[in-house]
Amino acid sequence: MTDNWDHVKNLAQEPPLDFSFKNVNFIQDLTSEEPRIGLRPVKRSKEGKSLTQALRINNNVLNDLNDFTQTLSQLLEQPQNLAWIDLSFNDLANIDPVLTTFSNLSVLYLHGNCIHHLPEVDKLSSLPKLRSLTLHGNPIEEEKGYRLYLIASVFHDTKNG
């Protein structure tokens, strides 16, 4: 048990796998793209998969997340441990339910997309560890009661218990 926890803590310290500003149209295209090189390189497993819990796919032209799970399985050694995703500044019109399958997700950036319907955020209420969510710059921001609705539907007290 301790060895597994140490492994998870080490993953949390790894830099994000960064596919920002790659002009990516489809999630599947990530498998043929080279991620950006940061100050610290992302460590890889023997199989060549990234050992990180964070993913940057911001500033692209994604309009859906089709094949998201399959693509992450090809890119990440432990996709089930994904804790941080930046999908900001894409063309996403809805919040894909696939995001709710990542139960360790604590940070989700969706600002600067095209999300029009406030009830889309209800999908995120099933993420028990979600602590940081950005949605500004989406059309839903203009709906009356946006902030209160967001707090009531996503960050309700059941996560604390």
# chains A, B, ... in the order shown; residues from 1 in each chain; ligands from 1
$ residues_around --residues "Leu130 in chain A" --least-positions-apart "6" --cutoff "12 Å" --atoms "only C-alpha atoms" --output "number ranges by chain"
A: 82-85, 99-100, 102-109, 123-124, 151, 154-156, 158-160
$ write_last_selection --atoms "C-alpha atoms" --output "PDB file, in the first residue's frame"
ATOM      1  CA  LEU A  82      -5.490  11.824 -14.075  1.00  0.00           C
ATOM      2  CA  ALA A  83      -5.999  14.737 -11.679  1.00  0.00           C
ATOM      3  CA  TRP A  84      -5.573  17.874 -13.788  1.00  0.00           C
ATOM      4  CA  ILE A  85      -6.843  18.670 -17.308  1.00  0.00           C
ATOM      5  CA  LEU A  99     -14.645  13.620 -18.046  1.00  0.00           C
ATOM      6  CA  THR A 100     -16.715  12.226 -15.173  1.00  0.00           C
ATOM      7  CA  PHE A 102     -11.818  10.269 -14.128  1.00  0.00           C
ATOM      8  CA  SER A 103     -12.715  10.127 -10.446  1.00  0.00           C
ATOM      9  CA  ASN A 104      -9.361  11.565  -9.326  1.00  0.00           C
ATOM     10  CA  LEU A 105      -9.904  14.744 -11.325  1.00  0.00           C
ATOM     11  CA  SER A 106      -9.398  17.728  -9.025  1.00  0.00           C
ATOM     12  CA  VAL A 107      -8.631  20.532 -11.513  1.00  0.00           C
ATOM     13  CA  LEU A 108     -10.543  21.121 -14.748  1.00  0.00           C
ATOM     14  CA  TYR A 109     -10.033  24.166 -16.943  1.00  0.00           C
ATOM     15  CA  LYS A 123     -22.459  16.426 -15.162  1.00  0.00           C
ATOM     16  CA  LEU A 124     -19.460  17.434 -13.070  1.00  0.00           C
ATOM     17  CA  ILE A 151     -21.620  26.352  -6.758  1.00  0.00           C
ATOM     18  CA  VAL A 154     -20.920  21.169  -8.701  1.00  0.00           C
ATOM     19  CA  PHE A 155     -19.446  22.176  -5.367  1.00  0.00           C
ATOM     20  CA  HIS A 156     -22.221  21.068  -3.054  1.00  0.00           C
ATOM     21  CA  THR A 158     -21.894  16.059  -0.346  1.00  0.00           C
ATOM     22  CA  LYS A 159     -18.235  16.038  -1.418  1.00  0.00           C
ATOM     23  CA  ASN A 160     -17.149  16.827   2.114  1.00  0.00           C
TER      24      ASN A 160
END
$ residues_around --residues "range 69-72 of chain A" --least-positions-apart "2" --cutoff "7 Å" --atoms "only C-alpha atoms" --output "ChimeraX atom specification"
/A:27-28,31,67,74-76,79
$ write_last_selection --atoms "N, CA, C and O atoms" --output "CSV table (one decimal), in the first residue's frame"
chain,number,residue,atom,x,y,z
A,27,ILE,N,-9.1,14.5,-30.7
A,27,ILE,CA,-8.3,14.0,-29.6
A,27,ILE,C,-7.3,12.9,-30.1
A,27,ILE,O,-6.2,12.8,-29.7
A,28,GLN,N,-7.8,12.1,-31.0
A,28,GLN,CA,-6.9,11.0,-31.5
A,28,GLN,C,-5.6,11.5,-32.1
A,28,GLN,O,-4.6,10.8,-32.1
A,31,THR,N,-2.0,11.3,-30.3
A,31,THR,CA,-1.1,10.1,-30.4
A,31,THR,C,0.0,10.3,-31.4
A,31,THR,O,1.1,9.7,-31.4
A,67,ASP,N,-13.2,9.5,-28.3
A,67,ASP,CA,-12.1,8.6,-28.1
A,67,ASP,C,-11.1,9.1,-27.1
A,67,ASP,O,-9.9,8.8,-27.1
A,74,GLN,N,-3.3,5.4,-24.4
A,74,GLN,CA,-2.1,5.3,-25.3
A,74,GLN,C,-1.0,6.2,-24.8
A,74,GLN,O,0.1,6.0,-25.0
A,75,LEU,N,-1.4,7.3,-24.2
A,75,LEU,CA,-0.5,8.4,-23.8
A,75,LEU,C,0.0,8.3,-22.4
A,75,LEU,O,1.2,8.6,-22.1
A,76,LEU,N,-0.8,7.9,-21.4
A,76,LEU,CA,-0.5,7.9,-20.0
A,76,LEU,C,-0.4,6.5,-19.5
A,76,LEU,O,-1.2,5.6,-19.8
A,79,PRO,N,-3.9,6.4,-16.7
A,79,PRO,CA,-4.9,7.4,-17.0
A,79,PRO,C,-5.9,7.5,-15.9
A,79,PRO,O,-6.5,8.6,-15.7
$ select_by_dssp --residues "chain A" --states "helix (DSSP H, G or I)" --output "ChimeraX atom specification"
/A:2-12,27-32,68-75,79-81,97-101,118-126,139-142,146-154,157-160
$ residues_around --residues "Asp122 in chain A" --least-positions-apart "2" --cutoff "12 Å" --atoms "only C-alpha atoms" --output "list in words"
Asn94, Ile95, Asp96, Pro97, Thr100, His117, Leu118, Pro119, Glu120, Leu124, Ser125, Ser126, Leu127, Tyr149, Leu150, Ile151, Ala152, Ser153, Val154, Phe155 and His156 of chain A
$ write_last_selection --atoms "N, CA, C and O atoms" --output "mmCIF file, in the first residue's frame"
data_model
loop_
_atom_site.group_PDB
_atom_site.id
_atom_site.type_symbol
_atom_site.label_atom_id
_atom_site.label_comp_id
_atom_site.auth_asym_id
_atom_site.auth_seq_id
_atom_site.Cartn_x
_atom_site.Cartn_y
_atom_site.Cartn_z
ATOM 1 N N ASN A 94 -20.101 21.453 -25.264
ATOM 2 C CA ASN A 94 -20.701 20.782 -24.112
ATOM 3 C C ASN A 94 -19.611 20.164 -23.252
ATOM 4 O O ASN A 94 -18.458 20.115 -23.634
ATOM 5 N N ILE A 95 -20.012 19.705 -22.082
ATOM 6 C CA ILE A 95 -19.101 19.019 -21.177
ATOM 7 C C ILE A 95 -19.317 17.534 -21.395
ATOM 8 O O ILE A 95 -20.364 16.991 -21.047
ATOM 9 N N ASP A 96 -18.346 16.906 -22.000
ATOM 10 C CA ASP A 96 -18.472 15.496 -22.346
ATOM 11 C C ASP A 96 -18.506 14.646 -21.075
ATOM 12 O O ASP A 96 -17.648 14.805 -20.195
ATOM 13 N N PRO A 97 -19.469 13.731 -20.972
ATOM 14 C CA PRO A 97 -19.559 12.862 -19.788
ATOM 15 C C PRO A 97 -18.297 12.017 -19.557
ATOM 16 O O PRO A 97 -18.078 11.550 -18.441
ATOM 17 N N THR A 100 -16.266 12.709 -16.479
ATOM 18 C CA THR A 100 -16.715 12.226 -15.173
ATOM 19 C C THR A 100 -16.202 10.828 -14.854
ATOM 20 O O THR A 100 -16.349 10.366 -13.737
ATOM 21 N N HIS A 117 -25.177 25.920 -22.486
ATOM 22 C CA HIS A 117 -26.273 25.489 -21.624
ATOM 23 C C HIS A 117 -25.780 25.245 -20.203
ATOM 24 O O HIS A 117 -24.966 24.349 -19.963
ATOM 25 N N LEU A 118 -26.289 26.012 -19.277
ATOM 26 C CA LEU A 118 -25.888 25.924 -17.885
ATOM 27 C C LEU A 118 -26.024 24.515 -17.291
ATOM 28 O O LEU A 118 -25.130 24.074 -16.558
ATOM 29 N N PRO A 119 -27.083 23.766 -17.598
ATOM 30 C CA PRO A 119 -27.185 22.413 -17.038
ATOM 31 C C PRO A 119 -26.030 21.465 -17.433
ATOM 32 O O PRO A 119 -25.885 20.400 -16.838
ATOM 33 N N GLU A 120 -25.213 21.856 -18.393
ATOM 34 C CA GLU A 120 -24.038 21.045 -18.739
ATOM 35 C C GLU A 120 -23.148 20.828 -17.520
ATOM 36 O O GLU A 120 -22.529 19.786 -17.376
ATOM 37 N N LEU A 124 -20.689 17.434 -13.863
ATOM 38 C CA LEU A 124 -19.460 17.434 -13.070
ATOM 39 C C LEU A 124 -19.694 17.169 -11.588
ATOM 40 O O LEU A 124 -18.747 16.959 -10.837
ATOM 41 N N SER A 125 -20.947 17.152 -11.162
ATOM 42 C CA SER A 125 -21.249 16.931 -9.741
ATOM 43 C C SER A 125 -20.833 15.545 -9.272
ATOM 44 O O SER A 125 -20.670 15.320 -8.075
ATOM 45 N N SER A 126 -20.606 14.623 -10.191
ATOM 46 C CA SER A 126 -20.210 13.265 -9.806
ATOM 47 C C SER A 126 -18.697 13.123 -9.595
ATOM 48 O O SER A 126 -18.231 12.039 -9.268
ATOM 49 N N LEU A 127 -17.951 14.198 -9.763
ATOM 50 C CA LEU A 127 -16.495 14.142 -9.556
ATOM 51 C C LEU A 127 -16.191 14.466 -8.092
ATOM 52 O O LEU A 127 -16.207 15.627 -7.689
ATOM 53 N N TYR A 149 -25.537 28.890 -9.453
ATOM 54 C CA TYR A 149 -25.890 27.585 -10.024
ATOM 55 C C TYR A 149 -24.673 26.671 -10.019
ATOM 56 O O TYR A 149 -24.756 25.498 -9.642
ATOM 57 N N LEU A 150 -23.549 27.188 -10.423
ATOM 58 C CA LEU A 150 -22.313 26.417 -10.473
ATOM 59 C C LEU A 150 -21.937 25.895 -9.096
ATOM 60 O O LEU A 150 -21.645 24.705 -8.925
ATOM 61 N N ILE A 151 -21.977 26.760 -8.120
ATOM 62 C CA ILE A 151 -21.620 26.352 -6.758
ATOM 63 C C ILE A 151 -22.591 25.307 -6.226
ATOM 64 O O ILE A 151 -22.189 24.297 -5.653
ATOM 65 N N ALA A 152 -23.880 25.534 -6.453
ATOM 66 C CA ALA A 152 -24.898 24.612 -5.938
ATOM 67 C C ALA A 152 -24.855 23.253 -6.628
ATOM 68 O O ALA A 152 -25.064 22.222 -5.994
ATOM 69 N N SER A 153 -24.568 23.226 -7.918
ATOM 70 C CA SER A 153 -24.642 21.956 -8.638
ATOM 71 C C SER A 153 -23.331 21.178 -8.639
ATOM 72 O O SER A 153 -23.342 19.958 -8.646
ATOM 73 N N VAL A 154 -22.205 21.863 -8.608
ATOM 74 C CA VAL A 154 -20.920 21.169 -8.701
ATOM 75 C C VAL A 154 -20.214 21.064 -7.363
ATOM 76 O O VAL A 154 -19.685 20.020 -7.001
ATOM 77 N N PHE A 155 -20.209 22.140 -6.609
ATOM 78 C CA PHE A 155 -19.446 22.176 -5.367
ATOM 79 C C PHE A 155 -20.346 22.109 -4.138
ATOM 80 O O PHE A 155 -20.172 22.848 -3.182
ATOM 81 N N HIS A 156 -21.308 21.206 -4.177
ATOM 82 C CA HIS A 156 -22.221 21.068 -3.054
ATOM 83 C C HIS A 156 -21.559 20.302 -1.915
ATOM 84 O O HIS A 156 -20.523 19.699 -2.072
#
$ select_by_dssp --residues "chain A" --states "strand (DSSP E)" --output "list in words"
Leu17, Asp18, Ala54, Leu55, Arg56, Trp84, Ile85, Asp86, Val107, Leu108, Tyr109, Ser132, Leu133 and Thr134 of chain A
$ write_last_selection --atoms "N, CA and C atoms" --output "CSV table (one decimal), in the first residue's frame"
chain,number,residue,atom,x,y,z
A,17,LEU,N,1.7,16.7,-19.3
A,17,LEU,CA,2.0,16.4,-20.7
A,17,LEU,C,1.3,17.5,-21.5
A,18,ASP,N,2.1,18.2,-22.3
A,18,ASP,CA,1.6,19.5,-22.8
A,18,ASP,C,1.4,19.4,-24.4
A,54,ALA,N,-1.2,15.0,-15.1
A,54,ALA,CA,-1.7,16.3,-15.6
A,54,ALA,C,-1.6,16.4,-17.1
A,55,LEU,N,-2.6,17.0,-17.8
A,55,LEU,CA,-2.6,17.0,-19.2
A,55,LEU,C,-3.1,18.4,-19.7
A,56,ARG,N,-2.3,19.0,-20.6
A,56,ARG,CA,-2.6,20.3,-21.2
A,56,ARG,C,-3.0,20.1,-22.6
A,84,TRP,N,-5.6,16.5,-13.3
A,84,TRP,CA,-5.6,17.9,-13.8
A,84,TRP,C,-5.7,17.9,-15.3
A,85,ILE,N,-6.7,18.6,-15.8
A,85,ILE,CA,-6.8,18.7,-17.3
A,85,ILE,C,-7.1,20.1,-17.7
A,86,ASP,N,-6.4,20.6,-18.6
A,86,ASP,CA,-6.6,22.0,-19.2
A,86,ASP,C,-7.1,21.8,-20.6
A,107,VAL,N,-8.7,19.2,-10.8
A,107,VAL,CA,-8.6,20.5,-11.5
A,107,VAL,C,-9.1,20.4,-13.0
A,108,LEU,N,-10.0,21.2,-13.4
A,108,LEU,CA,-10.5,21.1,-14.7
A,108,LEU,C,-10.7,22.5,-15.3
A,109,TYR,N,-10.0,22.8,-16.3
A,109,TYR,CA,-10.0,24.2,-16.9
A,109,TYR,C,-10.8,24.0,-18.2
A,132,SER,N,-11.2,22.6,-8.3
A,132,SER,CA,-11.0,23.8,-9.1
A,132,SER,C,-11.6,23.7,-10.5
A,133,LEU,N,-12.5,24.6,-10.9
A,133,LEU,CA,-13.1,24.5,-12.2
A,133,LEU,C,-13.2,25.9,-12.8
A,134,THR,N,-12.8,26.1,-14.0
A,134,THR,CA,-12.9,27.4,-14.7
A,134,THR,C,-13.9,27.3,-15.9
$ atom_distance --atom1 "CA of Leu30 in chain A" --atom2 "CA of Pro128 in chain A"
27.4 Å
$ residues_around --residues "Glu141 in chain A" --least-positions-apart "2" --cutoff "12 Å" --atoms "only C-alpha atoms" --output "MDAnalysis selection string"
chainID A and resid 110:118 121 134:139 143:150
$ atom_distance --atom1 "CA of Gln80 in chain A" --atom2 "CA of Asn23 in chain A"
25.9 Å
$ decode --residues "range 87-110 of chain A" --atoms "N, CA, C and O atoms" --output "PDB file, in the first residue's frame"
ATOM      1  N   LEU A  87      -8.418  22.081 -20.755  1.00  0.00           N
ATOM      2  CA  LEU A  87      -9.079  22.052 -22.062  1.00  0.00           C
ATOM      3  C   LEU A  87      -9.537  23.456 -22.455  1.00  0.00           C
ATOM      4  O   LEU A  87     -10.419  23.623 -23.294  1.00  0.00           O
ATOM      5  N   SER A  88      -8.935  24.470 -21.872  1.00  0.00           N
ATOM      6  CA  SER A  88      -9.345  25.840 -22.137  1.00  0.00           C
ATOM      7  C   SER A  88      -9.031  26.268 -23.565  1.00  0.00           C
ATOM      8  O   SER A  88      -8.148  25.711 -24.214  1.00  0.00           O
ATOM      9  N   PHE A  89      -9.792  27.243 -24.025  1.00  0.00           N
ATOM     10  CA  PHE A  89      -9.610  27.837 -25.348  1.00  0.00           C
ATOM     11  C   PHE A  89      -9.614  26.793 -26.479  1.00  0.00           C
ATOM     12  O   PHE A  89      -8.689  26.704 -27.267  1.00  0.00           O
ATOM     13  N   ASN A  90     -10.684  26.018 -26.492  1.00  0.00           N
ATOM     14  CA  ASN A  90     -10.985  25.107 -27.591  1.00  0.00           C
ATOM     15  C   ASN A  90     -12.352  25.509 -28.125  1.00  0.00           C
ATOM     16  O   ASN A  90     -12.791  26.638 -27.889  1.00  0.00           O
ATOM     17  N   ASP A  91     -13.027  24.618 -28.818  1.00  0.00           N
ATOM     18  CA  ASP A  91     -14.355  24.901 -29.368  1.00  0.00           C
ATOM     19  C   ASP A  91     -15.400  23.944 -28.799  1.00  0.00           C
ATOM     20  O   ASP A  91     -16.331  23.547 -29.498  1.00  0.00           O
ATOM     21  N   LEU A  92     -15.251  23.563 -27.545  1.00  0.00           N
ATOM     22  CA  LEU A  92     -16.161  22.599 -26.928  1.00  0.00           C
ATOM     23  C   LEU A  92     -17.491  23.266 -26.602  1.00  0.00           C
ATOM     24  O   LEU A  92     -17.538  24.269 -25.895  1.00  0.00           O
ATOM     25  N   ALA A  93     -18.583  22.695 -27.113  1.00  0.00           N
ATOM     26  CA  ALA A  93     -19.917  23.244 -26.891  1.00  0.00           C
ATOM     27  C   ALA A  93     -20.625  22.576 -25.717  1.00  0.00           C
ATOM     28  O   ALA A  93     -21.635  23.070 -25.236  1.00  0.00           O
ATOM     29  N   ASN A  94     -20.101  21.453 -25.264  1.00  0.00           N
ATOM     30  CA  ASN A  94     -20.701  20.782 -24.112  1.00  0.00           C
ATOM     31  C   ASN A  94     -19.611  20.164 -23.252  1.00  0.00           C
ATOM     32  O   ASN A  94     -18.458  20.115 -23.634  1.00  0.00           O
ATOM     33  N   ILE A  95     -20.012  19.705 -22.082  1.00  0.00           N
ATOM     34  CA  ILE A  95     -19.101  19.019 -21.177  1.00  0.00           C
ATOM     35  C   ILE A  95     -19.317  17.534 -21.395  1.00  0.00           C
ATOM     36  O   ILE A  95     -20.364  16.991 -21.047  1.00  0.00           O
ATOM     37  N   ASP A  96     -18.346  16.906 -22.000  1.00  0.00           N
ATOM     38  CA  ASP A  96     -18.472  15.496 -22.346  1.00  0.00           C
ATOM     39  C   ASP A  96     -18.506  14.646 -21.075  1.00  0.00           C
ATOM     40  O   ASP A  96     -17.648  14.805 -20.195  1.00  0.00           O
ATOM     41  N   PRO A  97     -19.469  13.731 -20.972  1.00  0.00           N
ATOM     42  CA  PRO A  97     -19.559  12.862 -19.788  1.00  0.00           C
ATOM     43  C   PRO A  97     -18.297  12.017 -19.557  1.00  0.00           C
ATOM     44  O   PRO A  97     -18.078  11.550 -18.441  1.00  0.00           O
ATOM     45  N   VAL A  98     -17.466  11.851 -20.566  1.00  0.00           N
ATOM     46  CA  VAL A  98     -16.238  11.072 -20.385  1.00  0.00           C
ATOM     47  C   VAL A  98     -15.368  11.682 -19.287  1.00  0.00           C
ATOM     48  O   VAL A  98     -14.652  10.969 -18.586  1.00  0.00           O
ATOM     49  N   LEU A  99     -15.451  12.980 -19.088  1.00  0.00           N
ATOM     50  CA  LEU A  99     -14.645  13.620 -18.046  1.00  0.00           C
ATOM     51  C   LEU A  99     -15.015  13.114 -16.659  1.00  0.00           C
ATOM     52  O   LEU A  99     -14.176  13.061 -15.766  1.00  0.00           O
ATOM     53  N   THR A 100     -16.266  12.709 -16.479  1.00  0.00           N
ATOM     54  CA  THR A 100     -16.715  12.226 -15.173  1.00  0.00           C
ATOM     55  C   THR A 100     -16.202  10.828 -14.854  1.00  0.00           C
ATOM     56  O   THR A 100     -16.349  10.366 -13.737  1.00  0.00           O
ATOM     57  N   THR A 101     -15.591  10.163 -15.810  1.00  0.00           N
ATOM     58  CA  THR A 101     -15.040   8.824 -15.556  1.00  0.00           C
ATOM     59  C   THR A 101     -13.674   8.894 -14.879  1.00  0.00           C
ATOM     60  O   THR A 101     -13.166   7.873 -14.436  1.00  0.00           O
ATOM     61  N   PHE A 102     -13.118  10.087 -14.780  1.00  0.00           N
ATOM     62  CA  PHE A 102     -11.818  10.269 -14.128  1.00  0.00           C
ATOM     63  C   PHE A 102     -12.057  10.756 -12.704  1.00  0.00           C
ATOM     64  O   PHE A 102     -12.039  11.942 -12.426  1.00  0.00           O
ATOM     65  N   SER A 103     -12.282   9.807 -11.806  1.00  0.00           N
ATOM     66  CA  SER A 103     -12.715  10.127 -10.446  1.00  0.00           C
ATOM     67  C   SER A 103     -11.657  10.842  -9.614  1.00  0.00           C
ATOM     68  O   SER A 103     -11.970  11.399  -8.565  1.00  0.00           O
ATOM     69  N   ASN A 104     -10.413  10.846 -10.051  1.00  0.00           N
ATOM     70  CA  ASN A 104      -9.361  11.565  -9.326  1.00  0.00           C
ATOM     71  C   ASN A 104      -9.185  12.996  -9.816  1.00  0.00           C
ATOM     72  O   ASN A 104      -8.308  13.710  -9.338  1.00  0.00           O
ATOM     73  N   LEU A 105     -10.017  13.412 -10.752  1.00  0.00           N
ATOM     74  CA  LEU A 105      -9.904  14.744 -11.325  1.00  0.00           C
ATOM     75  C   LEU A 105     -10.187  15.807 -10.254  1.00  0.00           C
ATOM     76  O   LEU A 105     -11.252  15.825  -9.655  1.00  0.00           O
ATOM     77  N   SER A 106      -9.214  16.668 -10.009  1.00  0.00           N
ATOM     78  CA  SER A 106      -9.398  17.728  -9.025  1.00  0.00           C
ATOM     79  C   SER A 106      -9.346  19.120  -9.653  1.00  0.00           C
ATOM     80  O   SER A 106      -9.861  20.069  -9.082  1.00  0.00           O
ATOM     81  N   VAL A 107      -8.735  19.245 -10.824  1.00  0.00           N
ATOM     82  CA  VAL A 107      -8.631  20.532 -11.513  1.00  0.00           C
ATOM     83  C   VAL A 107      -9.087  20.352 -12.958  1.00  0.00           C
ATOM     84  O   VAL A 107      -8.588  19.465 -13.656  1.00  0.00           O
ATOM     85  N   LEU A 108     -10.027  21.184 -13.378  1.00  0.00           N
ATOM     86  CA  LEU A 108     -10.543  21.121 -14.748  1.00  0.00           C
ATOM     87  C   LEU A 108     -10.711  22.534 -15.288  1.00  0.00           C
ATOM     88  O   LEU A 108     -11.497  23.325 -14.756  1.00  0.00           O
ATOM     89  N   TYR A 109      -9.955  22.848 -16.311  1.00  0.00           N
ATOM     90  CA  TYR A 109     -10.033  24.166 -16.943  1.00  0.00           C
ATOM     91  C   TYR A 109     -10.808  24.046 -18.247  1.00  0.00           C
ATOM     92  O   TYR A 109     -10.366  23.375 -19.175  1.00  0.00           O
ATOM     93  N   LEU A 110     -11.947  24.713 -18.289  1.00  0.00           N
ATOM     94  CA  LEU A 110     -12.803  24.718 -19.481  1.00  0.00           C
ATOM     95  C   LEU A 110     -13.106  26.137 -19.947  1.00  0.00           C
ATOM     96  O   LEU A 110     -13.986  26.341 -20.782  1.00  0.00           O
TER      97      LEU A 110
END
